[in-house]
file run_36.txt (compact mmCIF, C-alpha atoms)
# COMPACT_ATOMS: atom_id res chain seq x y z
CA MET A 1 7.20 17.17 56.18
CA ARG A 2 7.56 13.56 55.06
CA PHE A 3 5.03 12.28 52.53
CA VAL A 4 3.97 8.72 53.37
CA ILE A 5 2.26 7.38 50.25
CA PHE A 6 -0.06 4.76 51.71
CA GLY A 7 -1.16 2.59 48.81
CA ALA A 8 1.64 3.28 46.35
CA GLY A 9 0.08 2.02 43.15
CA ALA A 10 -0.12 4.00 39.91
CA VAL A 11 -1.17 7.46 41.15
CA GLY A 12 0.67 7.25 44.48
CA SER A 13 3.90 6.10 42.83
CA VAL A 14 3.75 8.81 40.16
CA ILE A 15 3.32 11.54 42.77
CA GLY A 16 5.91 9.96 45.05
CA SER A 17 8.36 9.74 42.15
CA HIS A 18 8.06 13.45 41.35
CA LEU A 19 8.39 14.41 45.01
CA ALA A 20 11.46 12.22 45.47
CA LYS A 21 13.11 13.65 42.36
CA ALA A 22 12.61 17.15 43.79
CA GLY A 23 14.30 16.19 47.04
CA ALA A 24 11.22 15.88 49.25
CA GLN A 25 11.12 13.27 52.00
CA VAL A 26 9.01 10.35 50.78
CA LEU A 27 8.11 6.89 52.05
CA LEU A 28 6.19 4.51 49.79
CA VAL A 29 3.96 1.87 51.39
CA GLY A 30 2.77 -0.64 48.83
CA ASP A 31 2.38 -4.24 47.73
CA PRO A 32 5.40 -6.53 48.26
CA PRO A 33 6.35 -7.12 44.58
CA HIS A 34 6.33 -3.37 43.82
CA VAL A 35 8.23 -2.51 47.00
CA GLU A 36 10.82 -5.25 46.48
CA LYS A 37 11.56 -3.99 42.97
CA ILE A 38 11.89 -0.40 44.20
CA GLN A 39 14.26 -1.52 46.94
CA GLN A 40 16.37 -3.43 44.41
CA ALA A 41 16.46 -1.09 41.41
CA GLY A 42 14.57 2.10 42.30
CA LEU A 43 11.25 3.45 41.03
CA LYS A 44 11.18 4.09 37.29
CA LEU A 45 8.82 6.72 35.90
CA THR A 46 8.09 7.05 32.17
CA GLY A 47 5.58 8.97 30.08
CA LYS A 48 4.78 12.51 29.11
CA TYR A 49 6.85 14.18 31.83
CA GLY A 50 10.14 12.44 31.20
CA GLU A 51 11.85 9.22 32.15
CA PHE A 52 13.88 8.87 35.32
CA VAL A 53 14.58 6.60 38.28
CA THR A 54 14.34 7.63 41.92
CA ARG A 55 15.16 5.62 45.03
CA PRO A 56 12.65 6.59 47.73
CA PRO A 57 12.44 4.41 50.84
CA ALA A 58 9.68 1.82 50.47
CA CYS A 59 8.09 -0.84 52.64
CA SER A 60 5.21 -3.30 52.45
CA SER A 61 4.81 -3.94 56.18
CA LEU A 62 3.69 -1.47 58.83
CA THR A 63 6.37 -2.85 61.13
CA ASP A 64 9.01 -1.52 58.73
CA TRP A 65 7.57 2.01 58.83
CA GLN A 66 9.13 4.07 61.58
CA TYR A 67 6.61 6.81 62.32
CA GLN A 68 7.93 10.38 62.44
CA PRO A 69 6.10 13.37 63.98
CA ASP A 70 6.28 15.25 60.66
CA ASP A 71 4.64 12.42 58.67
CA VAL A 72 1.64 13.29 56.53
CA ILE A 73 -0.31 10.38 55.06
CA CYS A 74 -1.24 10.45 51.38
CA LEU A 75 -4.01 7.88 51.21
CA ALA A 76 -3.94 6.45 47.68
CA VAL A 77 -5.91 3.21 47.99
CA LYS A 78 -9.18 2.53 46.17
CA THR A 79 -12.31 3.53 48.07
CA TYR A 80 -13.28 -0.08 48.71
CA ASP A 81 -9.94 -0.53 50.53
CA THR A 82 -10.26 2.61 52.67
CA PRO A 83 -11.88 0.93 55.73
CA VAL A 84 -9.06 -1.63 56.02
CA ALA A 85 -6.44 1.06 55.43
CA LEU A 86 -7.92 3.14 58.25
CA GLU A 87 -7.82 0.18 60.63
CA GLN A 88 -4.13 -0.21 59.85
CA LEU A 89 -3.36 3.50 60.15
CA GLN A 90 -5.05 3.76 63.54
CA THR A 91 -2.55 1.24 64.91
CA LYS A 92 0.39 3.27 63.58
CA VAL A 93 -0.22 7.01 63.79
CA PRO A 94 -1.91 9.45 66.23
CA PRO A 95 -5.43 10.72 65.40
CA GLU A 96 -4.10 14.25 64.75
CA THR A 97 -1.87 13.02 61.89
CA PRO A 98 -2.72 14.87 58.64
CA ILE A 99 -4.42 12.54 56.12
CA PHE A 100 -4.59 13.61 52.45
CA CYS A 101 -7.13 11.66 50.37
CA LEU A 102 -5.63 11.20 46.89
CA GLN A 103 -8.76 9.35 45.76
CA ASN A 104 -11.45 9.80 43.15
CA THR A 105 -14.73 9.49 45.03
CA VAL A 106 -16.44 11.79 47.54
CA THR A 107 -16.75 9.03 50.15
CA ASN A 108 -13.26 8.78 51.59
CA GLU A 109 -12.95 12.09 53.41
CA GLU A 110 -16.05 11.39 55.48
CA LEU A 111 -14.76 7.91 56.37
CA VAL A 112 -11.34 9.23 57.36
CA ALA A 113 -12.84 12.05 59.45
CA LYS A 114 -14.49 9.49 61.75
CA HIS A 115 -11.03 8.47 62.98
CA PHE A 116 -8.65 11.38 62.26
CA THR A 117 -9.00 15.07 63.07
CA ARG A 118 -6.97 16.64 60.24
CA VAL A 119 -8.39 15.50 56.91
CA TYR A 120 -7.62 16.97 53.49
CA GLY A 121 -9.24 16.31 50.14
CA VAL A 122 -7.16 16.16 46.99
CA ALA A 123 -8.78 16.41 43.56
CA LEU A 124 -6.54 15.25 40.73
CA HIS A 125 -6.34 15.67 36.99
CA LEU A 126 -3.57 13.13 36.45
CA GLY A 127 -3.30 10.08 34.24
CA ALA A 128 -1.19 7.25 35.68
CA ARG A 129 -0.59 3.64 34.75
CA PHE A 130 1.04 0.83 36.69
CA ILE A 131 3.30 -0.86 34.13
CA PHE A 132 4.79 -3.58 36.31
CA PRO A 133 6.47 -3.74 39.73
CA GLY A 134 9.00 -0.93 40.00
CA GLU A 135 7.70 1.05 37.01
CA VAL A 136 4.80 3.47 36.50
CA SER A 137 3.90 5.85 33.70
CA HIS A 138 2.68 9.44 34.01
CA LEU A 139 0.52 9.68 30.90
CA GLY A 140 -0.84 13.22 31.18
CA GLY A 141 -2.30 15.89 33.41
CA ASN A 142 -0.50 17.15 36.50
CA ALA A 143 -3.08 19.27 38.36
CA LEU A 144 -3.90 18.81 42.05
CA VAL A 145 -6.30 20.90 44.13
CA ILE A 146 -5.97 20.57 47.91
CA GLY A 147 -8.11 21.78 50.79
CA ARG A 148 -9.09 20.98 54.36
CA TYR A 149 -12.16 18.78 54.75
CA PRO A 150 -14.99 19.68 54.85
CA GLN A 151 -13.81 23.18 53.98
CA GLY A 152 -11.01 25.64 54.58
CA GLN A 153 -7.23 25.49 54.32
CA ASP A 154 -4.28 25.72 56.70
CA SER A 155 -0.48 25.76 56.94
CA VAL A 156 -0.21 21.98 56.43
CA ALA A 157 -2.11 22.18 53.16
CA ASP A 158 -0.01 25.17 52.15
CA GLU A 159 3.24 23.32 52.82
CA ALA A 160 2.02 20.29 50.85
CA VAL A 161 1.09 22.49 47.90
CA SER A 162 4.51 24.14 48.05
CA SER A 163 6.32 20.79 47.97
CA LEU A 164 4.16 19.45 45.14
CA SER A 165 4.69 22.62 43.13
CA LYS A 166 8.47 22.36 43.56
CA ALA A 167 8.15 18.82 42.22
CA GLY A 168 6.72 20.16 38.96
CA LEU A 169 3.06 19.46 39.69
CA GLN A 170 0.39 22.10 39.21
CA ALA A 171 -0.83 22.23 42.80
CA MET A 172 -3.24 24.81 44.21
CA LEU A 173 -5.12 25.52 47.43
CA THR A 174 -8.86 25.85 47.84
CA GLU A 175 -11.27 26.42 50.70
CA GLU A 176 -13.99 24.41 48.92
CA ILE A 177 -12.34 21.09 48.18
CA MET A 178 -15.53 19.04 47.99
CA SER A 179 -16.83 21.19 45.15
CA TYR A 180 -13.76 20.09 43.19
CA LYS A 181 -14.14 16.48 44.32
CA TRP A 182 -17.75 16.38 43.14
CA ALA A 183 -16.77 17.84 39.77
CA LYS A 184 -14.04 15.21 39.46
CA LEU A 185 -16.54 12.50 40.35
CA CYS A 186 -18.59 13.59 37.34
CA VAL A 187 -15.59 13.17 35.04
CA ASN A 188 -14.95 9.74 36.55
CA LEU A 189 -18.50 8.61 35.83
CA LEU A 190 -17.19 7.85 32.35
CA ASN A 191 -14.71 5.31 33.74
CA SER A 192 -17.47 2.68 33.84
CA PRO A 193 -18.59 2.79 30.19
CA LEU A 194 -14.98 2.98 29.02
CA ALA A 195 -14.08 -0.06 31.11
CA ILE A 196 -17.10 -2.01 29.88
CA LEU A 197 -16.43 -1.16 26.23
CA GLY A 198 -12.65 -1.56 26.55
CA LEU A 199 -11.86 1.95 25.35
CA SER A 200 -9.31 4.61 26.23
CA GLY A 201 -10.54 8.16 26.68
CA GLU A 202 -9.27 9.13 23.23
CA GLU A 203 -10.93 6.16 21.54
CA ALA A 204 -14.26 6.90 23.21
CA LEU A 205 -14.23 10.61 22.38
CA ASN A 206 -13.47 9.86 18.73
CA ASN A 207 -16.37 7.41 18.43
CA PRO A 208 -19.59 9.05 17.10
CA GLN A 209 -21.77 6.26 18.55
CA VAL A 210 -20.20 6.25 22.00
CA ARG A 211 -20.22 10.02 22.52
CA PRO A 212 -24.04 10.37 22.88
CA PHE A 213 -24.07 7.52 25.39
CA LEU A 214 -21.43 9.27 27.48
CA ALA A 215 -23.57 12.42 27.31
CA GLU A 216 -26.49 10.47 28.77
CA VAL A 217 -24.32 9.34 31.70
CA LEU A 218 -23.31 12.91 32.46
CA GLU A 219 -26.75 14.44 31.87
CA GLU A 220 -28.22 12.23 34.59
CA ALA A 221 -25.54 13.52 36.95
CA ARG A 222 -26.11 17.12 35.90
CA GLN A 223 -29.83 16.88 36.67
CA VAL A 224 -29.30 15.15 40.02
CA LEU A 225 -26.57 17.47 41.26
CA ALA A 226 -28.43 20.58 40.11
CA LYS A 227 -31.56 19.57 42.02
CA ALA A 228 -29.49 18.56 45.04
CA GLU A 229 -27.76 21.96 44.86
CA VAL A 230 -24.30 20.43 44.96
CA PRO A 231 -21.76 23.12 43.97
CA LEU A 232 -19.18 22.14 41.36
CA LYS A 233 -15.76 23.66 40.74
CA THR A 234 -13.88 22.38 37.71
CA LEU A 235 -10.30 21.19 37.91
CA PRO A 236 -7.68 22.72 35.60
CA GLY A 237 -7.64 20.58 32.47
CA ASP A 238 -11.28 19.45 32.80
CA GLN A 239 -14.46 20.88 31.26
CA PRO A 240 -17.43 22.11 33.34
CA LEU A 241 -20.17 19.48 33.47
CA PRO A 242 -22.76 21.30 31.29
CA GLU A 243 -20.10 21.96 28.64
CA MET A 244 -19.10 18.31 28.64
CA VAL A 245 -22.69 17.26 27.98
CA THR A 246 -23.12 19.80 25.18
CA SER A 247 -19.82 18.86 23.57
CA LEU A 248 -20.56 15.13 23.62
CA ARG A 249 -23.97 15.70 22.04
CA ARG A 250 -22.56 17.57 19.05
CA ALA A 251 -22.80 15.58 15.84
CA ASP A 252 -20.28 17.81 14.04
CA PHE A 253 -17.33 17.14 16.33
CA THR A 254 -13.84 16.92 14.86
CA PRO A 255 -11.98 13.70 15.71
CA ARG A 256 -8.60 14.27 17.30
CA PRO A 257 -5.36 12.58 16.26
CA MET A 258 -4.81 9.43 18.28
CA SER A 259 -1.77 8.92 20.50
CA ASP A 260 0.38 5.85 20.17
CA ARG A 261 -1.32 2.95 21.96
CA ALA A 262 1.30 2.91 24.70
CA LEU A 263 0.44 6.53 25.57
CA ARG A 264 -3.34 6.20 25.58
CA VAL A 265 -4.96 6.73 28.96
CA TYR A 266 -7.25 3.95 30.10
CA PRO A 267 -9.24 4.62 33.28
CA SER A 268 -8.31 2.89 36.52
CA MET A 269 -11.55 0.90 36.33
CA TRP A 270 -10.38 -0.52 32.98
CA GLN A 271 -7.21 -1.56 34.79
CA ASP A 272 -9.26 -3.13 37.61
CA LEU A 273 -11.09 -5.33 35.11
CA PHE A 274 -7.99 -6.08 33.07
CA CYS A 275 -6.11 -7.22 36.18
CA ARG A 276 -9.18 -9.19 37.32
CA ARG A 277 -9.11 -7.62 40.79
CA GLY A 278 -12.73 -8.61 41.45
CA ARG A 279 -13.83 -5.12 42.58
CA THR A 280 -14.26 -1.63 41.16
CA GLU A 281 -15.29 1.81 42.42
CA ALA A 282 -18.43 1.96 40.25
CA ARG A 283 -20.80 1.92 43.22
CA TYR A 284 -19.00 4.97 44.68
CA LEU A 285 -19.15 6.84 41.36
CA ASN A 286 -22.15 6.00 39.17
CA GLY A 287 -23.84 4.42 42.18
CA LYS A 288 -23.56 7.69 44.09
CA ILE A 289 -25.50 9.50 41.37
CA ALA A 290 -28.19 6.81 41.35
CA GLU A 291 -28.39 6.95 45.15
CA LEU A 292 -28.79 10.74 45.18
CA GLY A 293 -31.38 10.63 42.43
CA GLN A 294 -33.83 8.34 44.25
CA PRO A 295 -35.08 10.72 46.98
CA LEU A 296 -35.15 13.54 44.41
CA SER A 297 -37.43 11.50 42.09
CA ILE A 298 -34.90 11.75 39.27
CA ARG A 299 -34.45 8.57 37.27
CA THR A 300 -30.86 7.50 36.58
CA PRO A 301 -31.23 4.30 34.51
CA VAL A 302 -27.90 4.64 32.70
CA ASN A 303 -25.76 5.13 35.80
CA ALA A 304 -27.65 2.40 37.66
CA LEU A 305 -27.08 -0.02 34.78
CA LEU A 306 -23.37 0.79 34.61
CA VAL A 307 -22.91 -0.19 38.26
CA GLN A 308 -24.76 -3.46 37.67
CA VAL A 309 -22.73 -4.34 34.57
CA VAL A 310 -19.31 -3.36 35.93
CA ASP A 311 -19.87 -5.13 39.24
CA GLY A 312 -20.99 -8.23 37.35
CA MET A 313 -17.93 -8.10 35.11
CA ALA A 314 -15.63 -7.75 38.09
CA GLU A 315 -17.25 -10.67 39.91
CA ARG A 316 -17.05 -12.90 36.81
CA ARG A 317 -13.49 -11.70 36.08
CA GLU A 318 -14.54 -10.52 32.61
CA LEU A 319 -12.10 -8.36 30.66
CA PRO A 320 -12.67 -4.81 29.35
CA GLY A 321 -14.50 -4.88 26.03
CA THR A 322 -16.64 -7.91 26.90
CA TYR A 323 -19.78 -5.93 26.03
CA THR A 324 -20.60 -3.57 23.17
CA LEU A 325 -22.60 -0.36 23.08
CA SER A 326 -25.43 -2.30 21.44
CA ASP A 327 -25.41 -4.70 24.40
CA LEU A 328 -25.78 -1.78 26.82
CA ARG A 329 -28.61 -0.28 24.77
CA ARG A 330 -30.46 -3.60 24.82
CA MET A 331 -30.02 -3.87 28.58
CA LEU A 332 -31.51 -0.41 29.03
CA GLU A 333 -34.59 -1.41 27.02
CA ARG A 334 -35.42 -4.38 29.24

call {"tool": "encode", "arguments": {"input": "run_36.txt", "output": "structure tokens"}}
result
Amino acid sequence: MRFVIFGAGAVGSVIGSHLAKAGAQVLLVGDPPHVEKIQQAGLKLTGKYGEFVTRPPACSSLTDWQYQPDDVICLAVKTYDTPVALEQLQTKVPPETPIFCLQNTVTNEELVAKHFTRVYGVALHLGARFIFPGEVSHLGGNALVIGRYPQGQDSVADEAVSSLSKAGLQAMLTEEIMSYKWAKLCVNLLNSPLAILGLSGEEALNNPQVRPFLAEVLEEARQVLAKAEVPLKTLPGDQPLPEMVTSLRRADFTPRPMSDRALRVYPSMWQDLFCRRGRTEARYLNGKIAELGQPLSIRTPVNALLVQVVDGMAERRELPGTYTLSDLRRMLER
């Protein structure tokens, strides 16, 4: 089995780095500056799980990728890039090629399944940061849950889990992958307010004003998903949704010691705004909750507002922290 990391950014490069270090066959497909640096000096990984350099093969052009029958594709692009990625993959690999979706939303597996017959969901609890071309940081969390989409498991998933486990990642199989993906979506609903406010996860959870707002975001999701009867299975390292809401509402919480700034985990949406990429996944996260709530007659004003604000920030190339919590509260009152 060769792991082709298609979209080798932060998460894809971190996973590819661990696999390469363990001796697995890996090919990274990424942006030219990142690939060129890897080809010249290797891929450097820093962070919580050590510091090392690996030299996996890497390319930025499909013409430089020589397809092998044992290739499995690890799709690691943002959801808004999935349609273009699928167009490219269809020109390169057969429709029976295994596709693993290393992505945050619950949208990608369905999109992939329209074109490929062997689709796998991957739910991750893993903090990664793209430092600069040729270097990524693994900031915390190393859990991956893998299963066949829409349900089940098979020998391909089992082999992938085995390779990831040998690479030091906490990988496990499930027959109900979308239950894990939905639970992870709930955790990622907080990416939007953190990006807007310019906060890391630690900074937000230590802020007594921000915590109740985050609880409101998650409570809307809890109500919608409960009425829609969407089953949730919590990833190792995460809290179940109801417990998250209860914890964030507590006024007597104990602030945790803060990590050094270089080790603080900022969500990928924060990175999207910081890098002025012009797009985010908010519509596939908070927007999904708002979309599900409408036919159920459940109001989701907070999640709907977050999509509007984040999309506006991305379009105007505004940086994280442009708006305050007071600004968001005033917007909700309009």

call {"tool": "residues_around", "arguments": {"input": "run_36.txt", "residues": "Gly293 in chain A", "least_positions_apart": "4", "cutoff": "12 Å", "atoms": "only C-alpha atoms", "output": "JSON, numbers by chain"}}
result
{"A": [220, 221, 222, 223, 224, 225, 226, 227, 228, 286, 287, 288, 289, 297, 298, 299, 300, 301, 302, 303, 304]}

call {"tool": "write_last_selection", "arguments": {"input": "run_36.txt", "atoms": "C-alpha atoms", "output": "PDB file, in the coordinates of the input"}}
result
ATOM      1  CA  GLU A 220     -28.220  12.230  34.590  1.00  0.00           C
ATOM      2  CA  ALA A 221     -25.540  13.520  36.950  1.00  0.00           C
ATOM      3  CA  ARG A 222     -26.110  17.120  35.900  1.00  0.00           C
ATOM      4  CA  GLN A 223     -29.830  16.880  36.670  1.00  0.00           C
ATOM      5  CA  VAL A 224     -29.300  15.150  40.020  1.00  0.00           C
ATOM      6  CA  LEU A 225     -26.570  17.470  41.260  1.00  0.00           C
ATOM      7  CA  ALA A 226     -28.430  20.580  40.110  1.00  0.00           C
ATOM      8  CA  LYS A 227     -31.560  19.570  42.020  1.00  0.00           C
ATOM      9  CA  ALA A 228     -29.490  18.560  45.040  1.00  0.00           C
ATOM     10  CA  ASN A 286     -22.150   6.000  39.170  1.00  0.00           C
ATOM     11  CA  GLY A 287     -23.840   4.420  42.180  1.00  0.00           C
ATOM     12  CA  LYS A 288     -23.560   7.690  44.090  1.00  0.00           C
ATOM     13  CA  ILE A 289     -25.500   9.500  41.370  1.00  0.00           C
ATOM     14  CA  SER A 297     -37.430  11.500  42.090  1.00  0.00           C
ATOM     15  CA  ILE A 298     -34.900  11.750  39.270  1.00  0.00           C
ATOM     16  CA  ARG A 299     -34.450   8.570  37.270  1.00  0.00           C
ATOM     17  CA  THR A 300     -30.860   7.500  36.580  1.00  0.00           C
ATOM     18  CA  PRO A 301     -31.230   4.300  34.510  1.00  0.00           C
ATOM     19  CA  VAL A 302     -27.900   4.640  32.700  1.00  0.00           C
ATOM     20  CA  ASN A 303     -25.760   5.130  35.800  1.00  0.00           C
ATOM     21  CA  ALA A 304     -27.650   2.400  37.660  1.00  0.00           C
TER      22      ALA A 304
END

call {"tool": "residues_near_point", "arguments": {"input": "run_36.txt", "point": "(-9.3, 7.4, 23.9)", "cutoff": "10 Å", "atoms": "only C-alpha atoms", "output": "list in words"}}
result
Leu194, Gly198, Leu199, Ser200, Gly201, Glu202, Glu203, Ala204, Leu205, Asn206, Asn207, Arg256, Met258, Ser259, Arg261, Leu263, Arg264, Val265, Tyr266 and Pro267 of chain A

call {"tool": "residues_near_point", "arguments": {"input": "run_36.txt", "point": "(-27.6, 7.0, 29.7)", "cutoff": "9 Å", "atoms": "only C-alpha atoms", "output": "number ranges by chain"}}
result
A: 212-220, 300-303, 305-306, 329, 332

call {"tool": "closest_residue", "arguments": {"input": "run_36.txt", "among": "A:Cys275, A:Met244, A:Ile15, A:Val26", "to": "Ala171 in chain A", "atoms": "all atoms listed in the file"}}
result
A:Ile15

call {"tool": "axis_aligned_box", "arguments": {"input": "run_36.txt", "around": "range 15-22 of chain A", "padding_each_side": "3 Å", "output": "lines of an AutoDock Vina configuration file"}}
result
center_x = 8.2
center_y = 13.4
center_z = 43.4
size_x = 15.8
size_y = 13.4
size_z = 10.1

call {"tool": "atom_distance", "arguments": {"input": "run_36.txt", "atom1": "CA of Gln90 in chain A", "atom2": "CA of Val145 in chain A"}}
result
25.9 Å

call {"tool": "residues_around", "arguments": {"input": "run_36.txt", "residues": "Arg277 in chain A", "least_positions_apart": "5", "cutoff": "9 Å", "atoms": "only C-alpha atoms", "output": "list in words"}}
result
Gln271, Asp272, Ala314, Glu315 and Arg317 of chain A

call {"tool": "residues_around", "arguments": {"input": "run_36.txt", "residues": "Ile38 in chain A", "least_positions_apart": "2", "cutoff": "9 Å", "atoms": "all atoms listed in the file", "output": "PDB file with C-alpha atoms, keeping the file's coordinate frame"}}
result
ATOM      1  CA  PRO A  33       6.350  -7.120  44.580  1.00  0.00           C
ATOM      2  CA  HIS A  34       6.330  -3.370  43.820  1.00  0.00           C
ATOM      3  CA  VAL A  35       8.230  -2.510  47.000  1.00  0.00           C
ATOM      4  CA  GLU A  36      10.820  -5.250  46.480  1.00  0.00           C
ATOM      5  CA  GLN A  40      16.370  -3.430  44.410  1.00  0.00           C
ATOM      6  CA  ALA A  41      16.460  -1.090  41.410  1.00  0.00           C
ATOM      7  CA  GLY A  42      14.570   2.100  42.300  1.00  0.00           C
ATOM      8  CA  LEU A  43      11.250   3.450  41.030  1.00  0.00           C
ATOM      9  CA  LYS A  44      11.180   4.090  37.290  1.00  0.00           C
ATOM     10  CA  THR A  54      14.340   7.630  41.920  1.00  0.00           C
ATOM     11  CA  ARG A  55      15.160   5.620  45.030  1.00  0.00           C
ATOM     12  CA  PRO A  56      12.650   6.590  47.730  1.00  0.00           C
ATOM     13  CA  PRO A  57      12.440   4.410  50.840  1.00  0.00           C
ATOM     14  CA  ALA A  58       9.680   1.820  50.470  1.00  0.00           C
ATOM     15  CA  PRO A 133       6.470  -3.740  39.730  1.00  0.00           C
ATOM     16  CA  GLY A 134       9.000  -0.930  40.000  1.00  0.00           C
ATOM     17  CA  GLU A 135       7.700   1.050  37.010  1.00  0.00           C
TER      18      GLU A 135
END

call {"tool": "atom_distance", "arguments": {"input": "run_36.txt", "atom1": "CA of Ala157 in chain A", "atom2": "CA of Val106 in chain A"}}
result
18.6 Å

call {"tool": "atom_distance", "arguments": {"input": "run_36.txt", "atom1": "CA of Tyr323 in chain A", "atom2": "CA of Val309 in chain A"}}
result
9.2 Å

call {"tool": "closest_residue", "arguments": {"input": "run_36.txt", "among": "A:Leu19, A:Val4, A:Ala290, A:Cys186", "to": "Ser165 in chain A", "atoms": "only C-alpha atoms"}}
result
A:Leu19

call {"tool": "decode", "arguments": {"input": "run_36.txt", "residues": "range 141-209 of chain A", "atoms": "C-alpha atoms", "output": "compact mmCIF listing (two decimals), in the first residue's frame"}}
result
# COMPACT_ATOMS: atom_id res chain seq x y z
CA GLY A 141 -3.66 15.01 19.28
CA ASN A 142 -2.90 11.92 17.20
CA ALA A 143 -6.20 10.02 16.99
CA LEU A 144 -7.73 8.83 13.71
CA VAL A 145 -10.90 6.79 13.28
CA ILE A 146 -11.38 5.11 9.89
CA GLY A 147 -14.31 3.33 8.30
CA ARG A 148 -15.88 2.52 4.95
CA TYR A 149 -18.45 5.03 3.71
CA PRO A 150 -21.35 5.06 4.35
CA GLN A 151 -20.75 2.27 6.85
CA GLY A 152 -18.71 -0.86 7.42
CA GLN A 153 -15.03 -1.71 7.23
CA ASP A 154 -12.80 -3.92 5.10
CA SER A 155 -9.24 -5.18 4.60
CA VAL A 156 -8.10 -1.91 2.98
CA ALA A 157 -9.21 0.09 6.01
CA ASP A 158 -7.59 -2.49 8.28
CA GLU A 159 -4.27 -2.24 6.45
CA ALA A 160 -4.37 1.56 6.59
CA VAL A 161 -5.04 1.48 10.33
CA SER A 162 -2.15 -0.95 10.79
CA SER A 163 0.27 1.31 8.91
CA LEU A 164 -0.87 4.43 10.76
CA SER A 165 -0.56 2.66 14.11
CA LYS A 166 2.99 1.56 13.28
CA ALA A 167 3.71 5.22 12.55
CA GLY A 168 2.81 6.14 16.12
CA LEU A 169 -0.69 7.43 15.45
CA GLN A 170 -3.67 6.27 17.49
CA ALA A 171 -5.67 4.75 14.64
CA MET A 172 -8.80 2.66 15.04
CA LEU A 173 -11.46 1.03 12.86
CA THR A 174 -15.19 1.66 13.01
CA GLU A 175 -18.25 0.48 11.12
CA GLU A 176 -20.03 3.80 11.77
CA ILE A 177 -17.61 6.41 10.48
CA MET A 178 -20.19 9.12 9.82
CA SER A 179 -21.23 9.13 13.47
CA TYR A 180 -17.64 10.09 14.27
CA LYS A 181 -17.52 12.61 11.43
CA TRP A 182 -20.68 14.33 12.68
CA ALA A 183 -19.27 14.50 16.21
CA LYS A 184 -16.07 16.01 14.83
CA LEU A 185 -18.10 18.53 12.85
CA CYS A 186 -19.59 19.71 16.14
CA VAL A 187 -16.14 20.31 17.59
CA ASN A 188 -15.16 22.19 14.44
CA LEU A 189 -18.16 24.52 14.74
CA LEU A 190 -15.96 26.47 17.15
CA ASN A 191 -13.41 27.15 14.42
CA SER A 192 -15.52 30.06 13.16
CA PRO A 193 -15.78 32.09 16.39
CA LEU A 194 -12.12 31.45 17.17
CA ALA A 195 -11.12 32.66 13.71
CA ILE A 196 -13.32 35.75 13.96
CA LEU A 197 -12.03 36.64 17.43
CA GLY A 198 -8.42 35.72 16.63
CA LEU A 199 -8.11 33.19 19.44
CA SER A 200 -6.42 29.83 19.91
CA GLY A 201 -8.41 27.06 21.53
CA GLU A 202 -6.63 27.58 24.84
CA GLU A 203 -7.22 31.33 24.82
CA ALA A 204 -10.93 30.88 24.09
CA LEU A 205 -11.46 28.23 26.76
CA ASN A 206 -9.76 30.41 29.37
CA ASN A 207 -11.96 33.42 28.56
CA PRO A 208 -15.06 33.67 30.83
CA GLN A 209 -16.89 35.88 28.31
